[in-house]
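Dumped upload_22.cif below, it's mmCIF, C-alpha atoms and all ligand atoms:
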data_input
loop_
_atom_site.group_PDB
_atom_site.id
_atom_site.type_symbol
_atom_site.label_atom_id
_atom_site.label_comp_id
_atom_site.auth_asym_id
_atom_site.auth_seq_id
_atom_site.Cartn_x
_atom_site.Cartn_y
_atom_site.Cartn_z
ATOM 1 C CA MET L 84 90.083 97.622 102.920
ATOM 2 C CA ALA L 85 91.652 94.235 102.183
ATOM 3 C CA ARG L 86 94.794 95.944 100.920
ATOM 4 C CA SER L 87 94.956 98.154 104.011
ATOM 5 C CA ALA L 88 94.710 95.028 106.170
ATOM 6 C CA ILE L 89 97.427 93.259 104.149
ATOM 7 C CA PHE L 90 99.672 96.308 104.497
ATOM 8 C CA CYS L 91 99.140 96.363 108.285
ATOM 9 C CA LEU L 92 99.915 92.628 108.438
ATOM 10 C CA LEU L 93 103.114 93.229 106.469
ATOM 11 C CA PHE L 94 104.078 95.970 108.938
ATOM 12 C CA LEU L 95 103.389 93.731 111.944
ATOM 13 C CA ALA L 96 105.120 90.695 110.456
ATOM 14 C CA THR L 97 108.213 92.711 109.513
ATOM 15 C CA ASN L 98 108.555 94.052 113.033
ATOM 16 C CA ALA L 99 107.593 90.770 114.693
ATOM 17 C CA SER L 100 110.455 89.104 112.827
ATOM 18 C CA LEU L 101 112.812 90.797 115.303
ATOM 19 C CA ALA L 102 111.593 88.320 117.934
ATOM 20 C CA LEU L 103 113.384 85.568 115.975
ATOM 21 C CA LEU L 104 116.697 87.083 117.040
ATOM 22 C CA TYR L 105 116.349 85.229 120.362
ATOM 23 C CA PRO L 106 118.372 83.092 121.025
ATOM 24 C CA PHE L 107 120.948 85.069 119.098
ATOM 25 C CA THR L 108 123.101 83.258 116.540
ATOM 26 C CA LEU L 109 124.776 84.539 113.398
ATOM 27 C CA SER L 110 122.498 82.504 111.132
ATOM 28 C CA ARG L 111 119.394 83.839 112.909
ATOM 29 C CA PHE L 112 120.716 87.383 112.647
ATOM 30 C CA LEU L 113 121.234 87.014 108.884
ATOM 31 C CA MET L 114 117.762 85.516 108.452
ATOM 32 C CA VAL L 115 116.047 88.305 110.457
ATOM 33 C CA ALA L 116 118.073 91.014 108.712
ATOM 34 C CA SER L 117 116.947 89.625 105.340
ATOM 35 C CA ILE L 118 113.269 89.436 106.349
ATOM 36 C CA TYR L 119 113.363 92.921 107.876
ATOM 37 C CA ALA L 120 115.104 94.462 104.863
ATOM 38 C CA VAL L 121 112.704 92.902 102.339
ATOM 39 C CA GLY L 122 109.610 93.851 104.407
ATOM 40 C CA THR L 123 110.843 97.421 104.875
ATOM 41 C CA LEU L 124 111.696 97.867 101.195
ATOM 42 C CA ILE L 125 108.244 96.656 100.140
ATOM 43 C CA MET L 126 106.576 99.029 102.634
ATOM 44 C CA LEU L 127 108.689 101.976 101.490
ATOM 45 C CA TYR L 128 107.790 101.249 97.882
ATOM 46 C CA LEU L 129 104.071 101.054 98.699
ATOM 47 C CA LEU L 130 104.131 104.252 100.770
ATOM 48 C CA PHE L 131 106.418 106.460 98.721
ATOM 49 C CA HIS L 132 106.388 105.522 95.052
ATOM 50 C CA PRO L 133 104.378 108.289 93.362
ATOM 51 C CA ARG L 134 102.811 106.100 90.680
ATOM 52 C CA ASN L 135 102.173 102.977 92.716
ATOM 53 C CA HIS L 136 98.473 102.039 92.622
ATOM 54 C CA TRP L 137 98.403 99.383 95.316
ATOM 55 C CA LEU L 138 97.283 101.515 98.275
ATOM 56 C CA VAL L 139 95.607 104.318 96.290
ATOM 57 C CA SER L 140 94.716 104.343 92.621
ATOM 58 C CA ASN L 141 95.996 107.525 91.028
ATOM 59 C CA ARG L 142 96.373 109.356 87.761
ATOM 60 C CA TYR L 143 99.746 110.663 86.681
ATOM 61 C CA ARG L 144 99.095 111.619 83.082
ATOM 62 C CA VAL L 145 96.678 113.853 81.188
ATOM 63 C CA GLU L 146 94.639 112.737 78.234
ATOM 64 C CA GLY L 147 94.734 114.239 74.771
ATOM 65 C CA ALA L 148 97.442 114.145 72.142
ATOM 66 C CA GLY L 149 99.993 116.903 72.605
ATOM 67 C CA CYS L 150 98.725 117.912 76.047
ATOM 68 C CA ILE L 151 100.907 118.513 79.094
ATOM 69 C CA ALA L 152 100.074 119.803 82.597
ATOM 70 C CA LEU L 153 101.984 122.033 84.997
ATOM 71 C CA THR L 154 101.133 121.469 88.667
ATOM 72 C CA PHE L 155 102.292 123.670 91.550
ATOM 73 C CA ASP L 156 102.311 122.335 95.112
ATOM 74 C CA ASP L 157 102.560 123.760 98.623
ATOM 75 C CA GLY L 158 101.321 127.313 98.006
ATOM 76 C CA PRO L 159 100.026 129.861 98.150
ATOM 77 C CA ASN L 160 103.075 131.942 98.953
ATOM 78 C CA PRO L 161 102.541 135.695 99.392
ATOM 79 C CA VAL L 162 105.646 136.587 97.351
ATOM 80 C CA ASP L 163 106.157 133.870 94.754
ATOM 81 C CA THR L 164 102.621 132.791 93.864
ATOM 82 C CA PRO L 165 101.568 136.275 92.594
ATOM 83 C CA LYS L 166 104.773 136.389 90.509
ATOM 84 C CA LEU L 167 103.935 132.956 89.121
ATOM 85 C CA LEU L 168 100.378 134.038 88.323
ATOM 86 C CA ASP L 169 101.726 137.111 86.501
ATOM 87 C CA LEU L 170 104.042 134.887 84.479
ATOM 88 C CA LEU L 171 101.333 132.367 83.604
ATOM 89 C CA ARG L 172 98.996 135.182 82.537
ATOM 90 C CA GLU L 173 101.705 136.721 80.375
ATOM 91 C CA LYS L 174 102.363 133.361 78.716
ATOM 92 C CA GLY L 175 98.676 132.432 78.447
ATOM 93 C CA VAL L 176 99.180 129.181 80.376
ATOM 94 C CA LYS L 177 96.681 127.556 82.757
ATOM 95 C CA ALA L 178 97.952 125.357 85.568
ATOM 96 C CA THR L 179 96.782 123.309 88.548
ATOM 97 C CA PHE L 180 97.552 124.503 92.079
ATOM 98 C CA PHE L 181 97.591 121.954 94.900
ATOM 99 C CA VAL L 182 97.181 124.354 97.802
ATOM 100 C CA VAL L 183 97.865 123.728 101.488
ATOM 101 C CA GLY L 184 94.646 124.575 103.359
ATOM 102 C CA LYS L 185 96.122 126.583 106.208
ATOM 103 C CA ARG L 186 98.235 128.664 103.810
ATOM 104 C CA ALA L 187 95.207 129.176 101.571
ATOM 105 C CA ASP L 188 93.264 130.459 104.591
ATOM 106 C CA GLN L 189 96.127 132.860 105.296
ATOM 107 C CA TYR L 190 96.225 134.239 101.741
ATOM 108 C CA PRO L 191 92.740 133.620 100.312
ATOM 109 C CA GLU L 192 92.962 136.485 97.818
ATOM 110 C CA ILE L 193 95.856 134.757 96.025
ATOM 111 C CA VAL L 194 93.944 131.475 95.720
ATOM 112 C CA ARG L 195 90.847 133.335 94.536
ATOM 113 C CA ARG L 196 92.921 135.198 91.966
ATOM 114 C CA ALA L 197 94.333 131.908 90.634
ATOM 115 C CA TRP L 198 90.837 130.460 90.307
ATOM 116 C CA GLU L 199 89.438 133.612 88.678
ATOM 117 C CA GLU L 200 92.287 133.649 86.149
ATOM 118 C CA GLY L 201 91.342 130.180 84.914
ATOM 119 C CA HIS L 202 93.612 127.908 86.920
ATOM 120 C CA LEU L 203 92.440 124.861 88.836
ATOM 121 C CA ILE L 204 92.610 124.668 92.624
ATOM 122 C CA ALA L 205 93.149 121.271 94.259
ATOM 123 C CA ASN L 206 93.586 119.873 97.770
ATOM 124 C CA HIS L 207 97.108 119.326 99.154
ATOM 125 C CA THR L 208 95.937 118.636 102.756
ATOM 126 C CA TRP L 209 95.381 121.131 105.550
ATOM 127 C CA SER L 210 98.863 121.370 107.084
ATOM 128 C CA HIS L 211 101.216 119.418 104.771
ATOM 129 C CA TYR L 212 102.274 117.178 107.660
ATOM 130 C CA SER L 213 105.620 115.670 106.675
ATOM 131 C CA LEU L 214 104.919 112.217 108.191
ATOM 132 C CA PHE L 215 101.597 111.908 106.383
ATOM 133 C CA CYS L 216 101.856 108.116 106.063
ATOM 134 C CA PHE L 217 101.859 107.759 109.882
ATOM 135 C CA LEU L 218 98.775 109.902 110.594
ATOM 136 C CA THR L 219 96.084 108.479 112.856
ATOM 137 C CA PRO L 220 92.771 107.792 111.076
ATOM 138 C CA ALA L 221 91.114 110.845 112.678
ATOM 139 C CA ARG L 222 93.978 113.157 111.770
ATOM 140 C CA LEU L 223 94.107 111.764 108.218
ATOM 141 C CA ARG L 224 90.412 112.477 107.740
ATOM 142 C CA ALA L 225 90.842 115.971 109.209
ATOM 143 C CA GLU L 226 93.797 116.762 106.915
ATOM 144 C CA ILE L 227 91.724 115.848 103.845
ATOM 145 C CA GLU L 228 88.461 117.465 104.956
ATOM 146 C CA ARG L 229 89.936 120.701 106.311
ATOM 147 C CA GLY L 230 91.961 121.098 103.109
ATOM 148 C CA ALA L 231 88.777 120.664 101.050
ATOM 149 C CA GLU L 232 86.813 123.052 103.283
ATOM 150 C CA SER L 233 89.462 125.727 102.863
ATOM 151 C CA VAL L 234 89.131 125.631 99.049
ATOM 152 C CA HIS L 235 85.339 125.600 99.374
ATOM 153 C CA ARG L 236 85.397 128.674 101.652
ATOM 154 C CA ILE L 237 87.644 130.623 99.303
ATOM 155 C CA CYS L 238 86.511 129.553 95.827
ATOM 156 C CA GLY L 239 82.977 128.253 96.423
ATOM 157 C CA PHE L 240 83.480 124.652 95.300
ATOM 158 C CA ARG L 241 84.782 121.445 96.791
ATOM 159 C CA PRO L 242 88.031 120.435 95.094
ATOM 160 C CA ARG L 243 87.928 117.307 92.992
ATOM 161 C CA LEU L 244 91.667 116.518 92.998
ATOM 162 C CA PHE L 245 93.978 115.546 95.854
ATOM 163 C CA ARG L 246 97.713 115.061 96.266
ATOM 164 C CA SER L 247 99.420 114.152 99.539
ATOM 165 C CA PRO L 248 102.653 115.672 100.888
ATOM 166 C CA VAL L 249 105.620 114.308 98.907
ATOM 167 C CA GLY L 250 103.184 111.851 97.334
ATOM 168 C CA GLN L 251 103.083 109.711 100.475
ATOM 169 C CA ARG L 252 100.401 107.033 100.697
ATOM 170 C CA HIS L 253 98.499 105.917 103.768
ATOM 171 C CA PRO L 254 96.775 102.553 104.281
ATOM 172 C CA LEU L 255 93.403 104.309 104.765
ATOM 173 C CA LEU L 256 93.795 106.975 102.080
ATOM 174 C CA ARG L 257 91.845 105.165 99.346
ATOM 175 C CA ARG L 258 88.725 104.898 101.508
ATOM 176 C CA TYR L 259 88.854 108.478 102.761
ATOM 177 C CA LEU L 260 89.383 109.916 99.283
ATOM 178 C CA GLU L 261 86.418 107.938 97.972
ATOM 179 C CA ASN L 262 84.275 109.247 100.840
ATOM 180 C CA SER L 263 85.300 112.821 100.007
ATOM 181 C CA GLY L 264 84.802 112.443 96.238
ATOM 182 C CA LEU L 265 88.475 113.120 95.575
ATOM 183 C CA GLU L 266 90.710 111.728 92.856
ATOM 184 C CA TYR L 267 94.419 111.250 93.600
ATOM 185 C CA VAL L 268 96.594 112.989 91.028
ATOM 186 C CA SER L 269 100.285 112.162 91.033
ATOM 187 C CA TRP L 270 102.945 113.182 88.510
ATOM 188 C CA SER L 271 105.067 111.675 85.778
ATOM 189 C CA ILE L 272 107.912 114.224 86.006
ATOM 190 C CA ARG L 273 109.410 115.198 89.336
ATOM 191 C CA SER L 274 111.319 118.375 88.515
ATOM 192 C CA ARG L 275 113.240 118.271 91.832
ATOM 193 C CA ASP L 276 112.910 122.072 91.943
ATOM 194 C CA THR L 277 113.076 121.767 95.744
ATOM 195 C CA LEU L 278 116.705 120.621 95.471
ATOM 196 C CA THR L 279 117.888 122.657 92.496
ATOM 197 C CA TRP L 280 119.688 125.994 92.798
ATOM 198 C CA ASN L 281 120.324 126.668 89.130
ATOM 199 C CA SER L 282 117.463 127.612 86.823
ATOM 200 C CA GLU L 283 119.250 126.382 83.685
ATOM 201 C CA VAL L 284 119.790 122.966 85.233
ATOM 202 C CA LEU L 285 116.132 122.851 86.279
ATOM 203 C CA ALA L 286 114.852 123.861 82.839
ATOM 204 C CA ARG L 287 117.142 121.345 81.140
ATOM 205 C CA ARG L 288 116.034 118.534 83.445
ATOM 206 C CA ILE L 289 112.358 119.173 82.738
ATOM 207 C CA LEU L 290 112.799 119.635 78.995
ATOM 208 C CA LYS L 291 114.854 116.457 78.679
ATOM 209 C CA GLN L 292 111.968 114.359 80.012
ATOM 210 C CA ALA L 293 108.821 116.240 79.022
ATOM 211 C CA ALA L 294 106.503 114.745 76.423
ATOM 212 C CA SER L 295 102.832 114.574 75.553
ATOM 213 C CA GLY L 296 100.672 113.456 78.488
ATOM 214 C CA ASP L 297 103.097 114.361 81.264
ATOM 215 C CA ILE L 298 102.076 115.924 84.556
ATOM 216 C CA ILE L 299 104.982 118.002 85.868
ATOM 217 C CA LEU L 300 105.513 118.550 89.601
ATOM 218 C CA LEU L 301 106.717 122.026 90.635
ATOM 219 C CA HIS L 302 106.448 124.129 93.829
ATOM 220 C CA ASP L 303 105.318 127.735 94.256
ATOM 221 C CA HIS L 304 106.180 127.709 97.949
ATOM 222 C CA LEU L 305 109.655 126.785 99.130
ATOM 223 C CA PRO L 306 111.400 127.761 102.383
ATOM 224 C CA ARG L 307 114.201 129.386 100.359
ATOM 225 C CA GLY L 308 111.842 130.949 97.797
ATOM 226 C CA ALA L 309 110.756 129.732 94.370
ATOM 227 C CA HIS L 310 112.917 132.117 92.305
ATOM 228 C CA VAL L 311 114.817 129.260 90.622
ATOM 229 C CA MET L 312 111.550 127.749 89.366
ATOM 230 C CA LEU L 313 110.290 131.207 88.332
ATOM 231 C CA GLU L 314 113.448 131.789 86.285
ATOM 232 C CA ALA L 315 113.294 128.365 84.641
ATOM 233 C CA LEU L 316 109.592 128.388 83.824
ATOM 234 C CA PRO L 317 109.543 130.850 80.870
ATOM 235 C CA VAL L 318 112.223 128.780 79.123
ATOM 236 C CA VAL L 319 110.283 125.576 79.794
ATOM 237 C CA ILE L 320 106.980 127.025 78.579
ATOM 238 C CA ASP L 321 108.460 128.500 75.393
ATOM 239 C CA ASP L 322 110.337 125.325 74.524
ATOM 240 C CA LEU L 323 107.412 122.981 75.113
ATOM 241 C CA ARG L 324 105.122 125.258 73.146
ATOM 242 C CA ALA L 325 107.614 125.342 70.270
ATOM 243 C CA ARG L 326 107.381 121.530 70.217
ATOM 244 C CA GLY L 327 103.627 121.880 69.679
ATOM 245 C CA LEU L 328 102.588 120.894 73.199
ATOM 246 C CA LYS L 329 99.490 122.450 74.736
ATOM 247 C CA PHE L 330 99.183 123.266 78.441
ATOM 248 C CA VAL L 331 96.083 121.856 80.091
ATOM 249 C CA LEU L 332 94.700 121.512 83.599
ATOM 250 C CA ALA L 333 94.998 118.225 85.476
ATOM 251 C CA CYS L 334 91.224 117.908 85.045
ATOM 252 C CA PRO L 335 88.645 120.164 83.355
ATOM 253 C CA ARG L 336 87.405 123.085 85.459
ATOM 254 C CA ASP L 337 83.755 122.401 84.658
ATOM 255 C CA VAL L 338 83.988 119.183 86.683
ATOM 256 C CA VAL L 339 84.389 121.274 89.826
ATOM 257 C CA SER L 340 82.699 124.532 88.852
ATOM 258 C CA VAL L 341 79.362 122.996 87.860
ATOM 259 C CA ALA L 342 78.303 122.324 91.397
ATOM 260 C CA THR L 343 79.485 122.317 94.979
ATOM 261 C CA PRO L 344 78.250 118.888 96.018
ATOM 262 C CA GLU L 345 78.636 117.415 99.433
ATOM 263 C CA PRO L 346 80.950 114.369 99.585
ATOM 264 C CA ALA L 347 78.150 111.804 99.182
ATOM 265 C CA ALA L 348 76.719 113.541 96.096
ATOM 266 C CA CYS L 349 80.196 113.895 94.645
ATOM 267 C CA GLU L 350 80.757 110.194 95.137
ATOM 268 C CA SER L 351 77.606 109.214 93.259
ATOM 269 C CA ALA L 352 78.394 111.619 90.426
ATOM 270 C CA ARG L 353 81.673 109.898 89.564
HETATM 271 ZN ZN ZN L 401 103.793 119.269 98.973
#

As C-alpha cells - that is how I would like this structure written.
Ligand SMILES: [Zn+2]
Amino acid sequence: MARSAIFCLLFLATNASLALLYPFTLSRFLMVASIYAVGTLIMLYLLFHPRNHWLVSNRYRVEGAGCIALTFDDGPNPVDTPKLLDLLREKGVKATFFVVGKRADQYPEIVRRAWEEGHLIANHTWSHYSLFCFLTPARLRAEIERGAESVHRICGFRPRLFRSPVGQRHPLLRRYLENSGLEYVSWSIRSRDTLTWNSEVLARRILKQAASGDIILLHDHLPRGAHVMLEALPVVIDDLRARGLKFVLACPRDVVSVATPEPAACESAR
C-alpha cells in the first residue's frame, strides 16, 4: 500500500507543479516543464514497463534449462483460436492462453477445448479495458474477479495467472491480485505481432531474440485476424525445437487443476 500511496503522491505533485506557472515567467515555465516531464516519465515507466516490479511484482521468465513458453493473449477468437489449437496439436506444443472473460463466455467451447488439450488458461481481465491503469478501485476488482469467474465457469478451476491489457499496471493491482490468489505473468519477448503484417518478419524477430527461459507474447485475437501469427508460428516452433528448446506452460497445470479454491484459500496455499 505504501507504494500505491507514493505513486498517488507523485501523480498529485506532478500535476500540482502546474500551479507554479503563476505568475508566469520564462524561468518558471522552464522549471515547471522540467518537473512535469520528469514526473510524467517516471509515472509512464511505472505504469507501462512490462517487467517493472515497483507497483506489481511479476514473473517474465520460466524456470528450467532449455525451456521456453508461448503465451497467447486476447482470445478466444472463433476463427483463429481453433486454427491455433489445431496447429499446436499437430506440433505437440502446449501453450498458455490469457483469455478475456467476456470473449471466453461467448465461446466457452473453444476455451474448454484448449484446457482439455493440455494448455493452460489464465485471466486477462473481463473486458480488456484499454485504459486499465485508470480504472476505479471497484471496476478494477470487477475486471479481475469477473475474468476469474469466467474461467471457473468454463473450466472448473480458478485461474492462477493474470496479465493486464498491454501489461498496464495500476496502483491497487498488487493488493487485488494477492486477494484473488493471482500471480502476475509478464513477458520477456514482445513479438509485436499486433503491428506486423509479414509472417517472415515476425518469425525472424522472434527467433532473433528467443532463448532459454523466455516467455513470448503473441495474440490469438486481433481486429484484423491473427493469420500473420499463424503463418509465422510453425517456423518459430520448428526452429526453436531444432535448437533443443522445450515448450512449457507459464506455470504447471497441476497448480490450478488440483483444486478450485476460493481466493482466501488460494492465498494461504501460496
Ligand atoms: Zn491483451

Any residue with an atom at most 10 Å from ligand ZN 401 (chain L) counts, using only C-alpha atoms and all ligand atoms. Which are they? Put them as a ChimeraX atom specification. /L:155-158,181-183,207-208,210-213,246-251,300-305

Name the residues in contact with Arg324 (chain L) at a cut-off of 10 Å, using only C-alpha atoms, excluding same-chain residues fewer than 5 positions from it; report them as a PDB file with C-alpha atoms, in the frame of the given file.
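Result went into result_14.pdb, see below:
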ATOM      1  CA  GLY L 149      99.993 116.903  72.605  1.00  0.00           C
ATOM      2  CA  ILE L 151     100.907 118.513  79.094  1.00  0.00           C
ATOM      3  CA  VAL L 318     112.223 128.780  79.123  1.00  0.00           C
ATOM      4  CA  VAL L 319     110.283 125.576  79.794  1.00  0.00           C
ATOM      5  CA  LYS L 329      99.490 122.450  74.736  1.00  0.00           C
ATOM      6  CA  PHE L 330      99.183 123.266  78.441  1.00  0.00           C
TER       7      PHE L 330
END

Which residues of region 122-179 of chain L come within 7 Å of region 269-276 of chain L, and for each one, what is the closest pair of atoms and their distance in Å to one decimal, counting all atoms listed in the file, sorted by chain and residue number, as CSV?
residue,atom,partner,partner_atom,distance
L:Pro133,CA,L:Ser269,CA,6.1
L:Arg134,CA,L:Ser269,CA,6.6
L:Asn141,CA,L:Ser269,CA,6.3
L:Arg142,CA,L:Ser269,CA,5.8
L:Tyr143,CA,L:Trp270,CA,4.5
L:Arg144,CA,L:Ser271,CA,6.6

Figure out the distance between CA of Met114 (chain L) and CA of Leu101 (chain L), please, to one decimal in Å.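 A separation of 10.0 Å between them.
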
Min atom-atom distance to Ile320 (chain L) from the set L:Trp137, L:Leu104, L:Phe215, L:Ala152, counting all atoms listed in the file, belongs to L:Ala152

The centre and edge lengths of an axis-aligned box containing all atoms of region 243-260 of chain L present in the file, extended by 8 Å on each side, are to be given in Å to one decimal, as JSON.
{"center_x": 96.8, "center_y": 109.9, "center_z": 98.9, "size_x": 33.7, "size_y": 30.8, "size_z": 27.8}

In Å, rounded to a single decimal, give me how far CA of Pro191 (chain L) is from CA of Phe217 (chain L).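 Value for the CA of Phe217 (chain L)-CA of Pro191 (chain L) distance: 29.0 Å.
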
Expand the PyMOL selection byres (((chain L and resi 121-126) around 9) and not hetatm) into the explicit residue set it covers here, and present it as a ChimeraX atom specification. /L:90,93-94,96-98,116-120,127-131
